[in-house]
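Asks: I have a structure I would like to understand better, so I am pasting it below and will then ask my questions one at a time.
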4 protein chains.
Amino acid sequence: MHHFASDNYAEVHPEIFEALAKANQGHASAYGSDEHTADALRKFKETFGEDSETFFVFNGTAANVLSLKALSESYHSIICTDVAHVQSDECGAPEKFLGCKLIALPSSDGKLTIETLKKFWETGLAQSGEQHHSQARVITITQSTEFGTVYSREEIARISEFAKAHSLYLHMVGSRISNAAASLDCTFKELTADLGVDVLSFGGTKNGLLYGEAVVFLKKNLARDFQYIRKQGMQLASKMRFISAQFEVLLSGMPGQELWRINARHANAMAKKLESALAGLAEVKISRPAQANAVFATLPRNVISELQKIFSFYIWGSAQEATRAEVRWMASFNTTAEDVEAFVEALKTLLTKVK
Amino acid sequence: MHHFASDNYAEVHPEIFEALAKANQGHASAYGSDEHTADALRKFKETFGEDSETFFVFNGTAANVLSLKALSESYHSIICTDVAHVQSDECGAPEKFLGCKLIALPSSDGKLTIETLKKFWETGLAQSGEQHHSQARVITITQSTEFGTVYSREEIARISEFAKAHSLYLHMVGSRISNAAASLDCTFKELTADLGVDVLSFGGTKNGLLYGEAVVFLKKNLARDFQYIRKQGMQLASKMRFISAQFEVLLSGMPGQELWRINARHANAMAKKLESALAGLAEVKISRPAQANAVFATLPRNVISELQKIFSFYIWGSAQEATRAEVRWMASFNTTAEDVEAFVEALKTLLTKVK
Amino acid sequence: MHHFASDNYAEVHPEIFEALAKANQGHASAYGSDEHTADALRKFKETFGEDSETFFVFNGTAANVLSLKALSESYHSIICTDVAHVQSDECGAPEKFLGCKLIALPSSDGKLTIETLKKFWETGLAQSGEQHHSQARVITITQSTEFGTVYSREEIARISEFAKAHSLYLHMVGSRISNAAASLDCTFKELTADLGVDVLSFGGTKNGLLYGEAVVFLKKNLARDFQYIRKQGMQLASKMRFISAQFEVLLSGMPGQELWRINARHANAMAKKLESALAGLAEVKISRPAQANAVFATLPRNVISELQKIFSFYIWGSAQEATRAEVRWMASFNTTAEDVEAFVEALKTLLTKVK
Amino acid sequence: MHHFASDNYAEVHPEIFEALAKANQGHASAYGSDEHTADALRKFKETFGEDSETFFVFNGTAANVLSLKALSESYHSIICTDVAHVQSDECGAPEKFLGCKLIALPSSDGKLTIETLKKFWETGLAQSGEQHHSQARVITITQSTEFGTVYSREEIARISEFAKAHSLYLHMVGSRISNAAASLDCTFKELTADLGVDVLSFGGTKNGLLYGEAVVFLKKNLARDFQYIRKQGMQLASKMRFISAQFEVLLSGMPGQELWRINARHANAMAKKLESALAGLAEVKISRPAQANAVFATLPRNVISELQKIFSFYIWGSAQEATRAEVRWMASFNTTAEDVEAFVEALKTLLTKVK
């Protein structure tokens, strides 16, 4: 049985595990001077363009924090949303490593809107030129968002244009960028470099890897000193080949049939299937558009607690009603149609009982 | 002519300047091993109680940041208001030196309310025990507040009780603690140690000093390593006697007639006088209760710009109406009744003209 | 063919790889709330004692830096050797994350001696109580050392006694602790907890793991806030089970036949074999006692460069003679007798030719 | 009676104190927008050249640390001497604020030599381009040095040339730059900008100021973001006019008769007088050339302890003989010939007695 708690509850995808086994043949140079790394980096360049440059790190927190370090000084501020992972779920890692202020603007279903940005700029505090204030330097957005929504290419283009107009960098948290690209049916490049994104935290772990994330600079010159930032950030893997070998496979496949896309497309489809199945249920209210691999819904608290005895999943957010709460159900690359059906069945049964 | 921009526009008080001259006699041990420092520290102990321990630093930003450093680790969070100086006006100094997250809660006329605190605690995020979240460790409040209001002793006692109940430290930003104590007609001890405040940033510069602030630990054991924090924080003065000599005088005087109180009481009275004089003016609306030495008001923007040609003062905050804005008028120890009258006269004339 | 560059050039041990495959069954809770982690932590407790507490991280730099963070404040100093990895090979990660000064004392074949410590203490600078100086707080030693030597239990006991006498913590960098324990034929506990070591960075990657190191607190109370330090240090793995599953196997086996010991014992034996085989060669001079899995030797530079065309290995250190240099040859768990023989043969041939 | 402990034991110079009194007239804009600051900055530009840009801070530690912050990233290293103030006497302030490694090279009477630099470069560790190593970025030298010696212009030129050749910045710690310039009978510009120094920490406190130091960028473009660094570094004075007014006077005077030079020249002369008077004393050995305002000597420990009962001064360094120690005697702008004579007399008496 598969859970709906998180896509990082899932196993390693069989093809990726197989790649690990294959990479485990003979001695190989450490710290990234091996052939698997060379090949994986070549694949990233093919994927993101010649002006891109990629570095592997261990996890998503590091991908985000080290990306931002490459773009900011401690007296800068970083614009994010109030539900951003960097703001809420990294135990202050950004503040510790960057030494700078995060400015969390209100979000709409997880998205930062251009209207919110403009309104904040009108206060004059973002880039005051005043020595008393941290100066805004980076906008970071999450694609797909923490609420399972997906920015359209137009939405990103508008934010990117705004960033350029204000000499800001645009960073994208892409722990689930594959789900976004699958949802929009586009390439990674179309979602990032082509839209003016400067740096991307590219997720692997949540799409079938054992471990490993990538920091993808879409403009090579921004990466100049990143090897030192990574090492000082305690994120240089000695047996790098094992991260690389996974990414080699993840990025492989015919256009439209790359492993990352197959995995993400399936997870998205399972979320969609779940959303549809819930449509008719009176007590369950879909609370966010399910555009990637997550379904958010509100339902009675007593049903939640019973359902959690069977399936793992999280209550989300904090400010909730007394008798109802919002929950997150997350599909992964190996969630099956049967999983979804069993889940819906269990929920339906509980809804009847509880009533 | 005196301005209404800030109490740090004012001169050094004559008695304090005289104290500097007196201290400037002969060689003296550096870094605080001199007699003026010994005497000043004794006076602080008399003022704040035997369990207190005091350290001098150069400015208010340092007093705040170093105080908080003594109370927190980088994985903690610090609760402040959305208008707190540490949040808005220190160019990220807290994040840089502490490495930790500030949580800015909504304020009411500059005050943090117990209701707001409780509401935030109900979200479960403050001290989740969850490794993903910065854990709340300190509440910092400003007395008198950035909006010229004063917490009553009861309000502080309630926040202090809340802090103790949640194993939080209570820090007080007291750049204008003298104005608060004068306003409430109480002693410093009654405002701090007696209410359970743990550490106080005690202001000198805004109440007539040339430079110099104090970090007052109300519980000696919290000060254990502070000498190192101060030095590493680049705040150890070599010619310490000159900070100390000023504080000796500031804390001197018969009870109820200490220099700090005379200065603050006068500044408060001048603010009150200004507030009263404005009462009848149709176009000027007092926007915050003037409980210390500042008057906040909204008035037409065209009047503001004309008035600023005569007197220095600041437009405050950011989110303003198109034709009106909020301004801050700050009285200092040497603002005179004539200053206030001239100011009101100028404003009245402008109001007539502009109409 | 196997290289002699580093034990992190080696593959993953087959049994450990098998453990990864087994752990890759079904969904599992993330961030350490899974069964493999529970089991691995239990094994660490059995190995290091009931008062120990263990946390997994991604790599050795992090194990070292986060360990030290748990033991020090930024105004402390950390005593290490001039050849310590934390001093020379972590791109300033300790200074960045700890904000404190490293004091690198001279070493003898990689070891810190009690005489050196005492001499430094006599300067009065280590713990002066003077606000101008970083105060020594931690001694960190590497076992086995960066030069392939092994501290005897008596040597560690003396350093530990010194540490306790001066209220210092004792940290052990144990990327190759297995090689040391195999060399001394003792248990991990006998090498650490029993000798008063406070925290150990326990190495996995260099002894057959795919990735993963452990921070082992030998005194539970020191670990109190470590979960937050790990997360803020960007070292919390979401799919933790895969680190844990490897350690489960590494620590398994009958006493004296644990996998870690078998691996380390073999690597040590191969280094010994290499050392012996070199004994008779006129131009090759063993430069450090080969007590663990490394052999250090000096030999002619022209021989080195030819030999490096066949086998990967590093020239070590920096201050070298013009025509000779010191090199490091490192054996790993899967270095074979044939590898050693082929290597010696190649070296002998080159020595003849070059002459 | 004046002491020989430090030039920061001295009073404020009467002309400078007078300047403070004059500046204490009427309200003035805070944070540097006042006329005294404008005038003082103009004087600095006249002194150091049109391409210079100057910022005032509170103390020397801050001047050093913030200067270095403007020149380095956390993954850089900073080359200093083993006796540099930044290395030994700032409680880890550089490591905390910069997050980077200091590399302390051996010094000769306080000086860094070009030979030492070259030797360090030959190790290949300084700027390896290797991701494992902090990359050297700044050389910082102290003029006059911590041992009272003065770099010749040629010595600085050679270091500067070396720095440029290796893309390093050259920073000068100038807490006593006035004593060096007086000693070499040259201008500040000839000692800094003309020799390729990039940034100077310019000392005021030790040459007659009440408080205040300056960070002088000799290349304006390096100062671009320094206002934010200063504020975030907790070093922005609100009543800035009082620092500025002092520097106005310190830099005033006919060429060759500026107040800074008169003060420094006198202090140097007093040190020279002391050195000469000691020449004949058998038990006192001058240990460093007295080129600025300090005399270093070794003498019997029992004499030292008796002499310290009359005059304050410091035993210097650490590695000393059992019966003799090195001491520092520091002259200041107001040390008198009588002070020196009384001191020498007392010393002579003690030497006779002790024998």
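Residues are referred to by chain and number: the chain letter is A, B, ... according to the order shown in the structure tokens, the number counts from 1 in that chain, and ligands are numbered separately from 1 in the order shown.
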Residues of chain A within 8 Å of chain D, counting only C-alpha atoms - could you list those as a PDB file with all heavy atoms, in the first residue's frame?

Replies:
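Output file out-v8.pdb follows:
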```
ATOM      1  N   TYR A  75      23.297  41.877   3.267  1.00  0.00           N
ATOM      2  CA  TYR A  75      22.480  43.085   3.459  1.00  0.00           C
ATOM      3  C   TYR A  75      21.363  43.177   2.433  1.00  0.00           C
ATOM      4  O   TYR A  75      20.676  44.197   2.349  1.00  0.00           O
ATOM      5  CB  TYR A  75      23.350  44.349   3.434  1.00  0.00           C
ATOM      6  CG  TYR A  75      24.394  44.332   2.347  1.00  0.00           C
ATOM      7  CD1 TYR A  75      24.121  44.823   1.084  1.00  0.00           C
ATOM      8  CD2 TYR A  75      25.656  43.807   2.595  1.00  0.00           C
ATOM      9  CE1 TYR A  75      25.078  44.796   0.089  1.00  0.00           C
ATOM     10  CE2 TYR A  75      26.622  43.772   1.593  1.00  0.00           C
ATOM     11  CZ  TYR A  75      26.324  44.268   0.344  1.00  0.00           C
ATOM     12  OH  TYR A  75      27.270  44.221  -0.649  1.00  0.00           O
ATOM     13  N   GLN A 131      20.221  53.204   3.961  1.00  0.00           N
ATOM     14  CA  GLN A 131      21.146  52.313   4.645  1.00  0.00           C
ATOM     15  C   GLN A 131      20.492  51.524   5.790  1.00  0.00           C
ATOM     16  O   GLN A 131      21.022  50.509   6.219  1.00  0.00           O
ATOM     17  CB  GLN A 131      22.347  53.099   5.166  1.00  0.00           C
ATOM     18  CG  GLN A 131      21.996  54.253   6.080  1.00  0.00           C
ATOM     19  CD  GLN A 131      23.180  55.175   6.356  1.00  0.00           C
ATOM     20  OE1 GLN A 131      24.324  54.798   6.193  1.00  0.00           O
ATOM     21  NE2 GLN A 131      22.887  56.395   6.781  1.00  0.00           N
ATOM     22  N   HIS A 132      19.332  51.971   6.257  1.00  0.00           N
ATOM     23  CA  HIS A 132      18.678  51.282   7.370  1.00  0.00           C
ATOM     24  C   HIS A 132      17.962  50.003   6.953  1.00  0.00           C
ATOM     25  O   HIS A 132      17.559  49.221   7.804  1.00  0.00           O
ATOM     26  CB  HIS A 132      17.671  52.221   8.047  1.00  0.00           C
ATOM     27  CG  HIS A 132      18.299  53.465   8.575  1.00  0.00           C
ATOM     28  ND1 HIS A 132      18.955  53.495   9.776  1.00  0.00           N
ATOM     29  CD2 HIS A 132      18.419  54.707   8.051  1.00  0.00           C
ATOM     30  CE1 HIS A 132      19.434  54.727   9.980  1.00  0.00           C
ATOM     31  NE2 HIS A 132      19.128  55.470   8.950  1.00  0.00           N
ATOM     32  N   HIS A 133      17.787  49.829   5.656  1.00  0.00           N
ATOM     33  CA  HIS A 133      16.949  48.716   5.197  1.00  0.00           C
ATOM     34  C   HIS A 133      17.723  47.697   4.372  1.00  0.00           C
ATOM     35  O   HIS A 133      18.511  48.067   3.506  1.00  0.00           O
ATOM     36  CB  HIS A 133      15.801  49.254   4.322  1.00  0.00           C
ATOM     37  CG  HIS A 133      14.983  50.300   4.979  1.00  0.00           C
ATOM     38  ND1 HIS A 133      14.437  51.363   4.300  1.00  0.00           N
ATOM     39  CD2 HIS A 133      14.619  50.468   6.268  1.00  0.00           C
ATOM     40  CE1 HIS A 133      13.774  52.130   5.153  1.00  0.00           C
ATOM     41  NE2 HIS A 133      13.872  51.613   6.348  1.00  0.00           N
ATOM     42  N   SER A 134      17.453  46.438   4.616  1.00  0.00           N
ATOM     43  CA  SER A 134      17.902  45.385   3.715  1.00  0.00           C
ATOM     44  C   SER A 134      17.341  45.685   2.325  1.00  0.00           C
ATOM     45  O   SER A 134      16.172  46.032   2.198  1.00  0.00           O
ATOM     46  CB  SER A 134      17.364  44.019   4.178  1.00  0.00           C
ATOM     47  OG  SER A 134      17.805  43.721   5.483  1.00  0.00           O
ATOM     48  N   GLN A 227      31.447  26.473  -6.782  1.00  0.00           N
ATOM     49  CA  GLN A 227      32.099  25.273  -6.245  1.00  0.00           C
ATOM     50  C   GLN A 227      32.556  25.502  -4.803  1.00  0.00           C
ATOM     51  O   GLN A 227      32.498  24.588  -3.976  1.00  0.00           O
ATOM     52  CB  GLN A 227      33.275  24.837  -7.121  1.00  0.00           C
ATOM     53  CG  GLN A 227      34.380  25.876  -7.232  1.00  0.00           C
ATOM     54  CD  GLN A 227      35.621  25.326  -7.928  1.00  0.00           C
ATOM     55  OE1 GLN A 227      35.879  24.129  -7.932  1.00  0.00           O
ATOM     56  NE2 GLN A 227      36.403  26.208  -8.533  1.00  0.00           N
ATOM     57  N   TYR A 228      32.971  26.713  -4.500  1.00  0.00           N
ATOM     58  CA  TYR A 228      33.409  27.015  -3.130  1.00  0.00           C
ATOM     59  C   TYR A 228      32.210  27.153  -2.190  1.00  0.00           C
ATOM     60  O   TYR A 228      32.249  26.729  -1.038  1.00  0.00           O
ATOM     61  CB  TYR A 228      34.245  28.297  -3.105  1.00  0.00           C
ATOM     62  CG  TYR A 228      35.423  28.257  -4.035  1.00  0.00           C
ATOM     63  CD1 TYR A 228      35.518  29.126  -5.125  1.00  0.00           C
ATOM     64  CD2 TYR A 228      36.441  27.330  -3.848  1.00  0.00           C
ATOM     65  CE1 TYR A 228      36.600  29.076  -5.992  1.00  0.00           C
ATOM     66  CE2 TYR A 228      37.531  27.267  -4.707  1.00  0.00           C
ATOM     67  CZ  TYR A 228      37.599  28.151  -5.785  1.00  0.00           C
ATOM     68  OH  TYR A 228      38.665  28.092  -6.638  1.00  0.00           O
ATOM     69  N   ILE A 229      31.160  27.748  -2.703  1.00  0.00           N
ATOM     70  CA  ILE A 229      29.940  27.881  -1.891  1.00  0.00           C
ATOM     71  C   ILE A 229      29.411  26.492  -1.522  1.00  0.00           C
ATOM     72  O   ILE A 229      29.018  26.240  -0.394  1.00  0.00           O
ATOM     73  CB  ILE A 229      28.866  28.689  -2.663  1.00  0.00           C
ATOM     74  CG1 ILE A 229      29.309  30.146  -2.812  1.00  0.00           C
ATOM     75  CG2 ILE A 229      27.509  28.592  -1.983  1.00  0.00           C
ATOM     76  CD1 ILE A 229      28.362  31.023  -3.627  1.00  0.00           C
ATOM     77  N   LYS A 231      31.103  23.633  -1.334  1.00  0.00           N
ATOM     78  CA  LYS A 231      31.970  22.948  -0.370  1.00  0.00           C
ATOM     79  C   LYS A 231      31.805  23.558   1.013  1.00  0.00           C
ATOM     80  O   LYS A 231      31.644  22.852   2.010  1.00  0.00           O
ATOM     81  CB  LYS A 231      33.434  23.057  -0.812  1.00  0.00           C
ATOM     82  CG  LYS A 231      34.429  22.438   0.174  1.00  0.00           C
ATOM     83  CD  LYS A 231      34.333  20.930   0.240  1.00  0.00           C
ATOM     84  CE  LYS A 231      35.134  20.359   1.390  1.00  0.00           C
ATOM     85  NZ  LYS A 231      35.131  18.900   1.430  1.00  0.00           N
ATOM     86  N   GLN A 232      31.843  24.906   1.067  1.00  0.00           N
ATOM     87  CA  GLN A 232      31.696  25.559   2.367  1.00  0.00           C
ATOM     88  C   GLN A 232      30.310  25.301   2.950  1.00  0.00           C
ATOM     89  O   GLN A 232      30.142  25.288   4.165  1.00  0.00           O
ATOM     90  CB  GLN A 232      31.945  27.068   2.219  1.00  0.00           C
ATOM     91  CG  GLN A 232      32.102  27.756   3.563  1.00  0.00           C
ATOM     92  CD  GLN A 232      32.488  29.207   3.451  1.00  0.00           C
ATOM     93  OE1 GLN A 232      32.007  29.933   2.599  1.00  0.00           O
ATOM     94  NE2 GLN A 232      33.361  29.647   4.337  1.00  0.00           N
TER      95      GLN A 232
END
```

Asks: Tell me, as an MDAnalysis selection string, which residues lie within 12 Å of Ala269 (chain D), counting only C-alpha atoms; anything in the same chain fewer than 4 positions away does not count.

Replies: chainID D and resid 179 182:183 261:265 273:276 290:295 330:337 340

Asks: Just list the residues in region 6-90 of chain B DSSP gives alpha helix (DSSP H) on the backbone, as a VMD selection string.

Replies: chain B and resid 14 to 23 35 to 48 60 to 71 85 to 88

Asks: List every residue of region 83-282 of chain D that DSSP, applied to the backbone of this structure, places in strand (DSSP E), and write the result as a VMD selection string.

Replies: chain D and resid 101 to 105 135 to 142 169 to 174 199 to 202 213 to 217

Asks: Taking 5 positions as the minimum chain separation for residues in the same chain, which residues sit within 10 Å of Ile315 (chain C) when counting only C-alpha atoms? Answer as a PyMOL selection string.

Replies: chain C and resi 5+296-298+301+304-305+308+320+325-329

Asks: Near region 143-147 of chain B, within 10 Å and counting only C-alpha atoms, which residues show up once chain neighbours fewer than 5 positions away are dropped, as a PyMOL selection string?

Replies: chain B and resi 81+83-85+108-112+152+156+172-181+183+191+200-201+287-296+316+328

Asks: Give me, please, the distance in Å between CA of Leu281 (chain B) and CA of Asp7 (chain B), quoted to one decimal.

Replies: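 For CA of Leu281 (chain B) relative to CA of Asp7 (chain B), the distance reads 25.0 Å.
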
Asks: List the spatial neighbours of region 251-257 of chain A as a PDB file with N, CA, C and O atoms, in the first residue's frame - criterion: any atom at most 9 Å away, only C-alpha atoms, same-chain residues fewer than 5 positions off excluded.

Replies:
```pdb
ATOM      1  N   ALA A  40      26.328  13.324 -16.756  1.00  0.00           N
ATOM      2  CA  ALA A  40      25.109  13.942 -16.216  1.00  0.00           C
ATOM      3  C   ALA A  40      25.126  15.453 -16.456  1.00  0.00           C
ATOM      4  O   ALA A  40      24.108  16.043 -16.818  1.00  0.00           O
ATOM      5  N   LYS A  43      24.201  16.211 -19.920  1.00  0.00           N
ATOM      6  CA  LYS A  43      22.748  16.102 -20.108  1.00  0.00           C
ATOM      7  C   LYS A  43      22.027  17.345 -19.608  1.00  0.00           C
ATOM      8  O   LYS A  43      21.054  17.804 -20.206  1.00  0.00           O
ATOM      9  N   PHE A  44      22.487  17.879 -18.468  1.00  0.00           N
ATOM     10  CA  PHE A  44      21.873  19.112 -17.960  1.00  0.00           C
ATOM     11  C   PHE A  44      22.085  20.268 -18.933  1.00  0.00           C
ATOM     12  O   PHE A  44      21.210  21.103 -19.128  1.00  0.00           O
ATOM     13  N   THR A  47      19.763  19.926 -21.704  1.00  0.00           N
ATOM     14  CA  THR A  47      18.400  20.199 -21.268  1.00  0.00           C
ATOM     15  C   THR A  47      18.142  21.685 -21.058  1.00  0.00           C
ATOM     16  O   THR A  47      17.094  22.214 -21.422  1.00  0.00           O
ATOM     17  N   ALA A 182       5.486  18.682 -16.498  1.00  0.00           N
ATOM     18  CA  ALA A 182       4.551  17.685 -17.016  1.00  0.00           C
ATOM     19  C   ALA A 182       3.151  18.279 -17.107  1.00  0.00           C
ATOM     20  O   ALA A 182       2.421  18.063 -18.075  1.00  0.00           O
ATOM     21  N   ASP A 185       3.038  20.565 -19.917  1.00  0.00           N
ATOM     22  CA  ASP A 185       3.463  19.893 -21.141  1.00  0.00           C
ATOM     23  C   ASP A 185       4.528  20.711 -21.889  1.00  0.00           C
ATOM     24  O   ASP A 185       4.408  20.981 -23.093  1.00  0.00           O
ATOM     25  N   CYS A 186       5.545  21.116 -21.170  1.00  0.00           N
ATOM     26  CA  CYS A 186       6.620  21.874 -21.801  1.00  0.00           C
ATOM     27  C   CYS A 186       7.965  21.327 -21.350  1.00  0.00           C
ATOM     28  O   CYS A 186       8.028  20.397 -20.550  1.00  0.00           O
ATOM     29  N   THR A 187       9.022  21.871 -21.873  1.00  0.00           N
ATOM     30  CA  THR A 187      10.357  21.429 -21.455  1.00  0.00           C
ATOM     31  C   THR A 187      10.798  22.260 -20.252  1.00  0.00           C
ATOM     32  O   THR A 187      10.222  23.298 -19.938  1.00  0.00           O
ATOM     33  N   GLN A 246      22.167   8.789 -11.138  1.00  0.00           N
ATOM     34  CA  GLN A 246      20.714   8.873 -11.046  1.00  0.00           C
ATOM     35  C   GLN A 246      20.156   9.936 -11.987  1.00  0.00           C
ATOM     36  O   GLN A 246      19.142   9.728 -12.650  1.00  0.00           O
ATOM     37  N   ILE A 262       7.752  10.985 -17.383  1.00  0.00           N
ATOM     38  CA  ILE A 262       6.868   9.828 -17.174  1.00  0.00           C
ATOM     39  C   ILE A 262       6.455   9.747 -15.702  1.00  0.00           C
ATOM     40  O   ILE A 262       5.276   9.594 -15.376  1.00  0.00           O
TER      41      ILE A 262
END
```

Asks: If you count only C-alpha atoms, which residues fall within 10 Å of Leu222 (chain C), apart from same-chain ones fewer than 6 positions away, as a list in words?

Replies: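 Close residues of Leu222 (chain C): Ser52, Glu53, Ser67, Ala70, Leu71, Asp198 and Val199 of chain C.
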
Asks: Using only C-alpha atoms, which of B:Ala10, B:Ala271, B:Ala214, B:Val150 sits nearest Phe242 (chain D)?

Replies: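 Ranking B:Ala10, B:Ala271, B:Ala214, B:Val150 by distance to Phe242 (chain D), first place goes to B:Ala10.
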
Asks: Please indicate the distance in Å from CA of Leu218 (chain D) to CA of Phe48 (chain D), rounded to one decimal place.

Replies: 7.0 Å
